[in-house]
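Right, one structure below, let's go through it.
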Amino acid sequence: MTSREVRVRCEALGPRRHTAVFAHDFNKFFFSFLYSLKIKRDKLSSNTQAVLESLKAARRSSSGVSTSSILSVSSTALSQAISSIDNGKSAVIVEVGSKLTKVGCAGELNPRLIIRTEYTDDNGKLVTADEILALNNRKTASKSIEYYEDLLHKFLKMIFLRVLAPTDRPVIVVESMFMSEDLRKAMTKVIVERIRCKSLMFMPSHVCATFPFNTQNALVVDIGYSECVAVPIIEGVTMLNEFESARSICGRQLERRVRELMEKYGQVEELGGERRALEEADWEDINNIRLIETLSVSLICLDRERSEKWKEWEAAEGEKPSIEVLCEENLVPVGGKSIVVPSVVFETSVEIFFDESLNPDSFDMSLPKILHRLVSKCSIDLRKKLFPNVLLAGGVSTIPGLMKRLEQEIQYIDEKNETKFAEVVKFYQFSEIKNSPLFVSWVGASLLGSLRETIERRSLTLDEWRTGKLAADWTDMIVKAR
């Protein structure tokens with residue numbers, strides 16, 4: 001489902017009616033999980049209840065730097081709470097992203113497997129994520145649905161078997177709020193009919209991301225490889241009319257910016273020590289070792305003051321002025337030579353999220369402006385609940401310094417516009433769990449998947465699939481309510 005289709009559905013319902021419908025239908029469904037968790041918690045020992053209460057008490061961090069003692073309690077409590085909920089046969093949790101796929105078992109704090117969304121077929125050809133998930137955008141899907149179902153089948157079967165045999169276990173798929181109906185149907189057919197898993201259930205990623213933090217208010221910002229989606233959740237209600245998305249703020253555009261800077265400032269150092277500009281043959285070596293992708297996960301995000309100094313450095317003509325750097329240049333050996341990666345690549349690539357002029361072909365605003373506009377669209381009484389509850393998700397969100405820079409930019413815009421609803425900006429995070437924003441939605445689904453009996457009642461089985469029933473879609477509830 002495209003963002004345009006979502007908007008059309010919501011506009012047809014009306015700005016107030018869709019919120020009421022969502023609160024009554026979807027959240028009634030979602031918070032039945034919480035009710036089930038409460039029932040199961042009452043049966044646990046007093047020690048486990050104390051652990052759950054400590055999880056409930058653990059909250060968010062300020063400016064991306066949190067009190068380590070609080071987070072230590074929260075992450076430990078989360079692990080113990082998950083393992084104590086259900087000792088039955090656990091479900092398989094899978095999240096297929098446009099760059100990485102996470103898979104593991106319910107009741108675990110980390111995915112067992114995080115791999116690229118790609119595989120090599122029997123002929124030695126590399127099948128990429130764009131082909132595997134082509135049904136998510138029918139404009140780019142030039143072949144038959146059956147062809148793409150075969151690609152999905154081979155990929156999902158490969159990752160399932162690398163973790164465990166899923167035939168006698170339920171499967172929970174963490175889906176994007178914009179997953180197309182064609183892709184959902186193809187994934188359902190593959191998992192239920194061809195792989196023959198016990199049952200299947202889809203869970204929206206933006207809601208799953210809030211579950212580990214035990215919060216009903218959050219501004220969920222998912223910065224993935226193909227796009228950025230920001231959606232507010234108030235009292236457990238997804239405010240669908242106020243969501244924002246941008247394709248210029250994502251991992252793919254970040255890699256583009258890294259490539260541009262390497263083309264401009266990158267060099268090659270020969271064995272004798274001489275340096276020269278990059279040539280076409282050098283780029284073949286860079287692409288073979290996937291250097292651009294490696295660099296994109298090795299970046300840092302600077303504060304406003306340092307970023308202004310780098311802008312002056314780049315604008316200077318002729319000899320560049322001296323500048324204090326945080327990241328020294330790197331030499332990457334390849335093919336009898338070394339690729340020189342200068343400091344400007346590590347320290348300024350992320351500016352693409354804050355400087356709109358670096359995206360000349362896009363009409364998207366910068367990330368802070370998008371978030372500020374999203375909050376501005378919400379009701380006055382809700383605005384001050386969002387910026388103190390920012391939840392970053394997605395691989396790009398793991399960049400060091402991103403939270404601090406976002407706080408600075410959001411508060412700068414707030415002071416400039418005199419809106420006064422961003423006086424406090426805080427972020428949810430588990431600092432103990434390395435790169436937790438990368439799979440925070442998966443962790444939420446793992447927690448929900450531990451409620452085995454509740455999951456099985458909500459899942460689609462093979463017999464139900466053969467009768468024509470489809471897996472429940474959270475947007476279906478809005479349409480049926482009409």
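Identifiers in this document derive from the order of the structure tokens: chains are assigned A, B, ..., residues are numbered from 1 separately in each chain, and ligands are numbered from 1 in order of occurrence.
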inquiry  = Give me the residues near Arg112 of chain A as JSON, numbers by chain, where near means some atom within 9 Å (using only C-alpha atoms) and where sequence neighbours in that chain fewer than 4 positions away do not count.
reply    = {"A": [102, 103, 104, 105, 108, 163]}
Would you save the residues from that selection as a compact mmCIF listing (two decimals), in the first residue's frame, using N, CA and C atoms?
# COMPACT_ATOMS: atom_id res chain seq x y z
N LYS A 102 15.93 -9.60 9.63
CA LYS A 102 16.16 -10.08 11.00
C LYS A 102 15.25 -11.26 11.26
N VAL A 103 15.79 -12.34 11.82
CA VAL A 103 14.99 -13.52 12.10
C VAL A 103 15.49 -14.18 13.38
N GLY A 104 14.55 -14.69 14.14
CA GLY A 104 14.88 -15.35 15.40
C GLY A 104 13.63 -15.92 16.02
N CYS A 105 13.68 -16.24 17.29
CA CYS A 105 12.56 -16.88 17.99
C CYS A 105 11.98 -15.93 19.03
N GLU A 108 13.37 -14.07 22.75
CA GLU A 108 14.79 -13.74 22.72
C GLU A 108 14.96 -12.23 22.58
N VAL A 163 17.87 -20.94 10.94
CA VAL A 163 17.56 -20.71 12.35
C VAL A 163 17.00 -21.98 12.97
Write out, as CSV, each residue of segment 181-294 of chain A that has an atom at most 7 Å from segment 362-378 of chain A, together with the closest pair of atoms and their distance in Å to one decimal, counting only C-alpha atoms, rows going by chain and rising number.
residue,atom,partner,partner_atom,distance
A:Glu242,CA,A:Leu374,CA,5.9
A:Phe243,CA,A:Leu374,CA,6.6
A:Glu244,CA,A:Leu374,CA,6.4
A:Ala246,CA,A:Asp364,CA,6.1
A:Ser248,CA,A:Asp364,CA,6.6
Suppose we keep N, CA and C atoms; can you now write the selection as a CSV table (one decimal), in the first residue's frame?
chain,number,residue,atom,x,y,z
A,242,GLU,N,-1.5,12.2,10.4
A,242,GLU,CA,-0.4,13.1,10.6
A,242,GLU,C,0.9,12.5,10.3
A,243,PHE,N,1.0,11.3,9.7
A,243,PHE,CA,2.3,10.7,9.4
A,243,PHE,C,3.0,11.5,8.3
A,244,GLU,N,4.3,11.4,8.3
A,244,GLU,CA,5.2,12.0,7.3
A,244,GLU,C,6.2,10.9,6.7
A,246,ALA,N,9.6,10.4,3.7
A,246,ALA,CA,10.6,11.1,2.9
A,246,ALA,C,11.5,10.1,2.3
A,248,SER,N,14.2,10.9,0.6
A,248,SER,CA,15.5,11.5,0.5
A,248,SER,C,16.3,11.4,1.8
Checklist line | Long-range neighbours of segment 458-468 of chain A as an NGL selection string, 9 Å cut-off, only C-alpha atoms, 3 positions minimum in chain | finding: :A and (170-172 or 188-189 or 192-193 or 196-202 or 453-455 or 471-472)
Skipping near chain neighbours, those fewer than 2 positions away, what residues fall within 12 Å of Ala422 of chain A using only C-alpha atoms, listed as a tab-separated table (two decimals) with all heavy atoms, in the first residue's frame?
chain	number	residue	atom	x	y	z
A	368	PRO	N	14.67	17.31	10.69
A	368	PRO	CA	14.07	18.07	11.79
A	368	PRO	C	12.82	18.84	11.38
A	368	PRO	O	11.85	18.92	12.14
A	368	PRO	CB	15.20	19.03	12.21
A	368	PRO	CG	16.45	18.40	11.71
A	368	PRO	CD	16.07	17.70	10.45
A	371	LEU	N	9.84	16.43	11.17
A	371	LEU	CA	9.31	16.07	12.48
A	371	LEU	C	8.56	17.25	13.10
A	371	LEU	O	7.51	17.07	13.74
A	371	LEU	CB	10.44	15.63	13.40
A	371	LEU	CG	11.22	14.39	12.95
A	371	LEU	CD1	12.28	14.02	13.99
A	371	LEU	CD2	10.30	13.21	12.70
A	372	HIS	N	9.07	18.45	12.90
A	372	HIS	CA	8.41	19.63	13.45
A	372	HIS	C	7.05	19.85	12.77
A	372	HIS	O	6.07	20.21	13.42
A	372	HIS	CB	9.31	20.85	13.28
A	372	HIS	CG	9.10	21.90	14.33
A	372	HIS	ND1	8.16	22.90	14.22
A	372	HIS	CD2	9.70	22.10	15.54
A	372	HIS	CE1	8.19	23.67	15.28
A	372	HIS	NE2	9.11	23.20	16.11
A	373	ARG	N	7.01	19.65	11.47
A	373	ARG	CA	5.73	19.81	10.76
A	373	ARG	C	4.73	18.75	11.19
A	373	ARG	O	3.53	19.04	11.34
A	373	ARG	CB	5.96	19.72	9.24
A	373	ARG	CG	4.69	19.96	8.43
A	373	ARG	CD	4.96	20.01	6.96
A	373	ARG	NE	5.35	18.72	6.42
A	373	ARG	CZ	5.54	18.48	5.12
A	373	ARG	NH1	5.41	19.48	4.25
A	373	ARG	NH2	5.91	17.29	4.70
A	375	VAL	N	4.49	17.26	14.12
A	375	VAL	CA	3.95	17.61	15.44
A	375	VAL	C	3.01	18.80	15.33
A	375	VAL	O	2.00	18.88	16.03
A	375	VAL	CB	5.11	17.89	16.42
A	375	VAL	CG1	4.58	18.37	17.76
A	375	VAL	CG2	5.96	16.64	16.61
A	376	SER	N	3.32	19.74	14.45
A	376	SER	CA	2.47	20.92	14.29
A	376	SER	C	1.08	20.55	13.79
A	376	SER	O	0.11	21.27	14.06
A	376	SER	CB	3.13	21.91	13.32
A	376	SER	OG	4.39	22.33	13.79
A	382	LEU	N	-1.87	17.68	22.22
A	382	LEU	CA	-1.06	16.49	22.02
A	382	LEU	C	0.40	16.81	21.68
A	382	LEU	O	1.26	15.95	21.78
A	382	LEU	CB	-1.65	15.64	20.89
A	382	LEU	CG	-3.10	15.18	21.05
A	382	LEU	CD1	-3.51	14.35	19.84
A	382	LEU	CD2	-3.28	14.37	22.32
A	383	ARG	N	0.67	18.02	21.27
A	383	ARG	CA	1.99	18.34	20.73
A	383	ARG	C	3.13	18.15	21.74
A	383	ARG	O	4.19	17.64	21.41
A	383	ARG	CB	2.00	19.78	20.21
A	383	ARG	CG	1.09	19.98	19.00
A	383	ARG	CD	0.98	21.44	18.61
A	383	ARG	NE	0.02	21.62	17.52
A	383	ARG	CZ	-0.39	22.80	17.08
A	383	ARG	NH1	0.08	23.91	17.64
A	383	ARG	NH2	-1.27	22.87	16.10
A	384	LYS	N	2.89	18.56	22.97
A	384	LYS	CA	3.96	18.47	23.97
A	384	LYS	C	4.20	17.04	24.44
A	384	LYS	O	5.13	16.81	25.22
A	384	LYS	CB	3.63	19.38	25.15
A	384	LYS	CG	3.78	20.86	24.82
A	384	LYS	CD	3.80	21.72	26.06
A	384	LYS	CE	4.10	23.17	25.72
A	384	LYS	NZ	4.19	24.02	26.92
A	385	LYS	N	3.39	16.09	23.99
A	385	LYS	CA	3.60	14.69	24.37
A	385	LYS	C	4.55	13.95	23.43
A	385	LYS	O	4.95	12.83	23.72
A	385	LYS	CB	2.27	13.95	24.41
A	385	LYS	CG	1.30	14.42	25.48
A	385	LYS	CD	0.04	13.56	25.48
A	385	LYS	CE	-0.92	13.98	26.58
A	385	LYS	NZ	-2.14	13.13	26.60
A	386	LEU	N	4.87	14.57	22.30
A	386	LEU	CA	5.59	13.83	21.26
A	386	LEU	C	7.11	14.00	21.33
A	386	LEU	O	7.84	13.01	21.35
A	386	LEU	CB	5.07	14.25	19.88
A	386	LEU	CG	3.62	13.82	19.61
A	386	LEU	CD1	3.13	14.37	18.28
A	386	LEU	CD2	3.50	12.30	19.63
A	387	PHE	N	7.60	15.22	21.35
A	387	PHE	CA	9.05	15.39	21.36
A	387	PHE	C	9.73	14.83	22.62
A	387	PHE	O	10.89	14.41	22.55
A	387	PHE	CB	9.42	16.86	21.16
A	387	PHE	CG	9.37	17.29	19.72
A	387	PHE	CD1	8.69	18.43	19.33
A	387	PHE	CD2	10.00	16.54	18.74
A	387	PHE	CE1	8.63	18.82	18.00
A	387	PHE	CE2	9.95	16.91	17.40
A	387	PHE	CZ	9.26	18.06	17.04
A	388	PRO	N	9.08	14.79	23.78
A	388	PRO	CA	9.70	14.09	24.91
A	388	PRO	C	9.64	12.57	24.79
A	388	PRO	O	10.12	11.88	25.69
A	388	PRO	CB	8.87	14.57	26.12
A	388	PRO	CG	8.17	15.80	25.67
A	388	PRO	CD	7.91	15.58	24.22
A	389	ASN	N	9.08	12.07	23.68
A	389	ASN	CA	8.91	10.62	23.52
A	389	ASN	C	9.30	10.18	22.10
A	389	ASN	O	8.54	9.51	21.41
A	389	ASN	CB	7.46	10.21	23.80
A	389	ASN	CG	7.04	10.46	25.22
A	389	ASN	OD1	7.30	9.66	26.11
A	389	ASN	ND2	6.42	11.60	25.46
A	390	VAL	N	10.47	10.60	21.65
A	390	VAL	CA	10.92	10.24	20.30
A	390	VAL	C	11.53	8.84	20.33
A	390	VAL	O	12.35	8.53	21.19
A	390	VAL	CB	11.94	11.26	19.76
A	390	VAL	CG1	12.37	10.88	18.35
A	390	VAL	CG2	11.36	12.67	19.79
A	406	LEU	N	19.72	15.91	16.34
A	406	LEU	CA	18.28	16.08	16.15
A	406	LEU	C	17.69	16.98	17.23
A	406	LEU	O	16.85	17.84	16.95
A	406	LEU	CB	17.59	14.72	16.16
A	406	LEU	CG	17.34	14.04	14.82
A	406	LEU	CD1	16.67	12.70	15.02
A	406	LEU	CD2	16.51	14.92	13.90
A	407	GLU	N	18.13	16.77	18.46
A	407	GLU	CA	17.64	17.61	19.56
A	407	GLU	C	17.99	19.07	19.31
A	407	GLU	O	17.14	19.96	19.46
A	407	GLU	CB	18.26	17.13	20.87
A	407	GLU	CG	17.84	17.98	22.06
A	407	GLU	CD	18.66	17.71	23.30
A	407	GLU	OE1	19.66	16.97	23.19
A	407	GLU	OE2	18.31	18.23	24.37
A	408	GLN	N	19.23	19.34	18.90
A	408	GLN	CA	19.65	20.71	18.65
A	408	GLN	C	18.84	21.35	17.53
A	408	GLN	O	18.38	22.50	17.65
A	408	GLN	CB	21.14	20.74	18.29
A	408	GLN	CG	22.07	20.39	19.44
A	408	GLN	CD	23.52	20.41	19.02
A	408	GLN	OE1	23.85	20.28	17.84
A	408	GLN	NE2	24.42	20.56	19.99
A	409	GLU	N	18.65	20.62	16.43
A	409	GLU	CA	17.95	21.18	15.27
A	409	GLU	C	16.47	21.40	15.57
A	409	GLU	O	15.89	22.41	15.16
A	409	GLU	CB	18.12	20.25	14.07
A	409	GLU	CG	19.54	20.09	13.57
A	409	GLU	CD	20.05	21.35	12.89
A	409	GLU	OE1	19.24	22.25	12.59
A	409	GLU	OE2	21.28	21.44	12.67
A	410	ILE	N	15.85	20.47	16.27
A	410	ILE	CA	14.43	20.61	16.59
A	410	ILE	C	14.20	21.80	17.51
A	410	ILE	O	13.27	22.59	17.31
A	410	ILE	CB	13.90	19.30	17.23
A	410	ILE	CG1	13.84	18.19	16.18
A	410	ILE	CG2	12.52	19.52	17.83
A	410	ILE	CD1	13.52	16.83	16.75
A	411	GLN	N	15.06	21.96	18.51
A	411	GLN	CA	14.90	23.08	19.42
A	411	GLN	C	15.24	24.40	18.74
A	411	GLN	O	14.65	25.44	19.08
A	411	GLN	CB	15.78	22.86	20.66
A	411	GLN	CG	15.29	21.72	21.55
A	411	GLN	CD	16.14	21.53	22.78
A	411	GLN	OE1	17.31	21.90	22.81
A	411	GLN	NE2	15.55	20.92	23.81
A	412	TYR	N	16.15	24.39	17.78
A	412	TYR	CA	16.46	25.60	17.01
A	412	TYR	C	15.24	26.04	16.21
A	412	TYR	O	14.88	27.23	16.19
A	412	TYR	CB	17.65	25.35	16.09
A	412	TYR	CG	17.93	26.48	15.14
A	412	TYR	CD1	18.61	27.62	15.58
A	412	TYR	CD2	17.53	26.40	13.81
A	412	TYR	CE1	18.87	28.67	14.70
A	412	TYR	CE2	17.78	27.45	12.93
A	412	TYR	CZ	18.45	28.58	13.38
A	412	TYR	OH	18.69	29.61	12.51
A	413	ILE	N	14.58	25.10	15.55
A	413	ILE	CA	13.37	25.42	14.78
A	413	ILE	C	12.26	25.89	15.71
A	413	ILE	O	11.51	26.82	15.39
A	413	ILE	CB	12.92	24.19	13.97
A	413	ILE	CG1	13.98	23.80	12.94
A	413	ILE	CG2	11.58	24.45	13.28
A	413	ILE	CD1	13.69	22.50	12.23
A	414	ASP	N	12.17	25.26	16.87
A	414	ASP	CA	11.13	25.63	17.82
A	414	ASP	C	11.32	27.07	18.32
A	414	ASP	O	10.35	27.84	18.42
A	414	ASP	CB	11.16	24.65	19.00
A	414	ASP	CG	9.92	24.74	19.86
A	414	ASP	OD1	8.82	24.56	19.32
A	414	ASP	OD2	10.06	25.00	21.07
A	415	GLU	N	12.55	27.44	18.61
A	415	GLU	CA	12.82	28.81	19.05
A	415	GLU	C	12.60	29.81	17.91
A	415	GLU	O	12.07	30.91	18.13
A	415	GLU	CB	14.25	28.91	19.56
A	415	GLU	CG	14.51	28.11	20.84
A	415	GLU	CD	15.97	28.14	21.24
A	415	GLU	OE1	16.76	28.83	20.56
A	415	GLU	OE2	16.33	27.48	22.23
A	416	LYS	N	12.98	29.43	16.72
A	416	LYS	CA	12.83	30.32	15.57
A	416	LYS	C	11.36	30.59	15.27
A	416	LYS	O	10.97	31.73	14.96
A	416	LYS	CB	13.53	29.70	14.36
A	416	LYS	CG	13.50	30.56	13.12
A	416	LYS	CD	14.24	29.88	11.98
A	416	LYS	CE	14.18	30.72	10.71
A	416	LYS	NZ	14.88	30.05	9.57
A	417	ASN	N	10.53	29.56	15.36
A	417	ASN	CA	9.10	29.71	15.06
A	417	ASN	C	8.27	30.11	16.28
A	417	ASN	O	7.08	30.36	16.14
A	417	ASN	CB	8.56	28.40	14.50
A	417	ASN	CG	9.20	28.01	13.19
A	417	ASN	OD1	9.81	28.83	12.52
A	417	ASN	ND2	9.08	26.74	12.82
A	418	GLU	N	8.93	30.13	17.46
A	418	GLU	CA	8.25	30.48	18.71
A	418	GLU	C	7.02	29.60	18.97
A	418	GLU	O	5.96	30.07	19.36
A	418	GLU	CB	7.84	31.96	18.70
A	418	GLU	CG	9.01	32.92	18.60
A	418	GLU	CD	8.58	34.37	18.63
A	418	GLU	OE1	7.36	34.63	18.57
A	418	GLU	OE2	9.47	35.24	18.73
A	419	THR	N	7.19	28.31	18.73
A	419	THR	CA	6.07	27.38	18.93
A	419	THR	C	6.03	26.79	20.33
A	419	THR	O	4.97	26.45	20.84
A	419	THR	CB	6.16	26.23	17.90
A	419	THR	OG1	7.50	25.70	17.90
A	419	THR	CG2	5.85	26.74	16.50
A	420	LYS	N	7.17	26.62	20.95
A	420	LYS	CA	7.28	26.20	22.35
A	420	LYS	C	6.67	24.81	22.64
A	420	LYS	O	6.13	24.60	23.71
A	420	LYS	CB	6.62	27.23	23.26
A	420	LYS	CG	7.32	28.58	23.26
A	420	LYS	CD	6.70	29.54	24.25
A	420	LYS	CE	7.43	30.87	24.25
A	420	LYS	NZ	6.82	31.84	25.20
A	424	VAL	N	11.46	20.23	25.50
A	424	VAL	CA	12.09	19.00	25.99
A	424	VAL	C	12.09	17.98	24.87
A	424	VAL	O	11.03	17.66	24.32
A	424	VAL	CB	11.34	18.44	27.22
A	424	VAL	CG1	12.00	17.14	27.68
A	424	VAL	CG2	11.31	19.46	28.34
A	425	VAL	N	13.25	17.47	24.51
A	425	VAL	CA	13.38	16.44	23.47
A	425	VAL	C	14.12	15.26	24.09
A	425	VAL	O	15.27	15.41	24.53
A	425	VAL	CB	14.14	16.95	22.23
A	425	VAL	CG1	14.23	15.85	21.18
A	425	VAL	CG2	13.45	18.18	21.66
A	426	LYS	N	13.47	14.12	24.15
A	426	LYS	CA	14.09	12.93	24.72
A	426	LYS	C	13.86	11.74	23.80
A	426	LYS	O	12.94	11.72	22.99
A	426	LYS	CB	13.50	12.63	26.11
A	426	LYS	CG	13.82	13.69	27.16
A	426	LYS	CD	13.27	13.30	28.51
A	426	LYS	CE	13.61	14.35	29.56
A	426	LYS	NZ	13.10	13.98	30.90
Inset, instruction - Please provide the set of residues having any atom within 12 Å of Arg275 of chain A, restricted to only C-alpha atoms, with same-chain residues fewer than 3 positions apart removed, written as number ranges by chain. - result: A: 265-272, 278-279, 331, 337-340
For the residues selected in the previous step, produce a file with all heavy atoms as a compact mmCIF listing (two decimals), in the first residue's frame.
# COMPACT_ATOMS: atom_id res chain seq x y z
N TYR A 265 36.68 14.13 -3.02
CA TYR A 265 37.84 14.25 -2.14
C TYR A 265 38.65 12.97 -2.00
O TYR A 265 39.76 13.00 -1.46
CB TYR A 265 37.40 14.70 -0.74
CG TYR A 265 36.69 16.03 -0.72
CD1 TYR A 265 35.31 16.10 -0.48
CD2 TYR A 265 37.38 17.21 -0.96
CE1 TYR A 265 34.65 17.31 -0.45
CE2 TYR A 265 36.72 18.44 -0.94
CZ TYR A 265 35.36 18.48 -0.69
OH TYR A 265 34.70 19.69 -0.67
N GLY A 266 38.11 11.83 -2.42
CA GLY A 266 38.83 10.56 -2.27
C GLY A 266 40.06 10.49 -3.16
O GLY A 266 40.12 11.11 -4.22
N GLN A 267 41.05 9.71 -2.72
CA GLN A 267 42.29 9.56 -3.48
C GLN A 267 42.76 8.12 -3.43
O GLN A 267 42.22 7.28 -2.68
CB GLN A 267 43.38 10.48 -2.91
CG GLN A 267 43.12 11.96 -3.07
CD GLN A 267 44.23 12.80 -2.48
OE1 GLN A 267 44.64 12.61 -1.33
NE2 GLN A 267 44.76 13.74 -3.26
N VAL A 268 43.78 7.85 -4.23
CA VAL A 268 44.44 6.55 -4.23
C VAL A 268 45.91 6.76 -3.89
O VAL A 268 46.56 7.65 -4.45
CB VAL A 268 44.31 5.85 -5.59
CG1 VAL A 268 45.16 4.58 -5.62
CG2 VAL A 268 42.86 5.52 -5.89
N GLU A 269 46.41 5.97 -2.96
CA GLU A 269 47.83 6.03 -2.60
C GLU A 269 48.53 4.79 -3.13
O GLU A 269 48.20 3.67 -2.75
CB GLU A 269 47.99 6.14 -1.08
CG GLU A 269 49.44 6.31 -0.64
CD GLU A 269 49.58 6.51 0.85
OE1 GLU A 269 49.18 7.58 1.35
OE2 GLU A 269 50.07 5.56 1.53
N GLU A 270 49.48 5.01 -4.00
CA GLU A 270 50.23 3.90 -4.59
C GLU A 270 51.25 3.38 -3.58
O GLU A 270 51.47 3.96 -2.52
CB GLU A 270 50.93 4.36 -5.87
CG GLU A 270 50.00 4.92 -6.94
CD GLU A 270 49.11 3.86 -7.57
OE1 GLU A 270 49.28 2.67 -7.23
OE2 GLU A 270 48.25 4.20 -8.40
N LEU A 271 51.91 2.26 -3.95
CA LEU A 271 52.88 1.65 -3.06
C LEU A 271 54.04 2.57 -2.76
O LEU A 271 54.65 2.52 -1.68
CB LEU A 271 53.40 0.34 -3.67
CG LEU A 271 52.38 -0.80 -3.77
CD1 LEU A 271 53.01 -2.01 -4.47
CD2 LEU A 271 51.89 -1.20 -2.38
N GLY A 272 54.35 3.44 -3.70
CA GLY A 272 55.46 4.37 -3.49
C GLY A 272 55.10 5.57 -2.65
O GLY A 272 55.98 6.40 -2.36
N LEU A 278 40.78 9.41 -7.87
CA LEU A 278 40.16 8.12 -8.20
C LEU A 278 39.84 8.02 -9.68
O LEU A 278 39.37 8.99 -10.29
CB LEU A 278 38.88 7.93 -7.38
CG LEU A 278 39.03 7.75 -5.87
CD1 LEU A 278 37.68 7.81 -5.19
CD2 LEU A 278 39.71 6.42 -5.57
N GLU A 279 40.08 6.85 -10.25
CA GLU A 279 39.77 6.60 -11.66
C GLU A 279 38.72 5.51 -11.77
O GLU A 279 38.31 4.90 -10.77
CB GLU A 279 41.05 6.20 -12.40
CG GLU A 279 42.14 7.27 -12.35
CD GLU A 279 43.43 6.80 -12.98
OE1 GLU A 279 43.51 5.59 -13.34
OE2 GLU A 279 44.37 7.62 -13.10
N LEU A 331 43.06 4.55 5.36
CA LEU A 331 43.62 3.92 4.16
C LEU A 331 43.08 2.51 4.06
O LEU A 331 43.27 1.70 4.98
CB LEU A 331 45.15 3.90 4.22
CG LEU A 331 45.86 5.27 4.29
CD1 LEU A 331 47.37 5.07 4.33
CD2 LEU A 331 45.48 6.14 3.10
N LYS A 337 47.18 -1.32 -3.76
CA LYS A 337 47.13 0.13 -3.54
C LYS A 337 46.23 0.38 -2.34
O LYS A 337 45.66 -0.56 -1.77
CB LYS A 337 46.59 0.84 -4.78
CG LYS A 337 45.21 0.33 -5.19
CD LYS A 337 44.79 0.84 -6.55
CE LYS A 337 43.46 0.20 -6.96
NZ LYS A 337 43.06 0.56 -8.32
N SER A 338 46.06 1.64 -1.96
CA SER A 338 45.20 1.99 -0.84
C SER A 338 44.24 3.09 -1.23
O SER A 338 44.65 4.08 -1.86
CB SER A 338 46.04 2.44 0.37
OG SER A 338 46.85 1.38 0.85
N ILE A 339 42.97 2.90 -0.90
CA ILE A 339 41.96 3.94 -1.12
C ILE A 339 41.99 4.88 0.08
O ILE A 339 41.85 4.44 1.22
CB ILE A 339 40.56 3.34 -1.29
CG1 ILE A 339 40.55 2.27 -2.39
CG2 ILE A 339 39.54 4.44 -1.58
CD1 ILE A 339 40.88 2.81 -3.77
N VAL A 340 42.20 6.16 -0.16
CA VAL A 340 42.27 7.15 0.90
C VAL A 340 40.87 7.72 1.14
O VAL A 340 40.27 8.33 0.26
CB VAL A 340 43.24 8.30 0.55
CG1 VAL A 340 43.31 9.31 1.69
CG2 VAL A 340 44.62 7.74 0.23
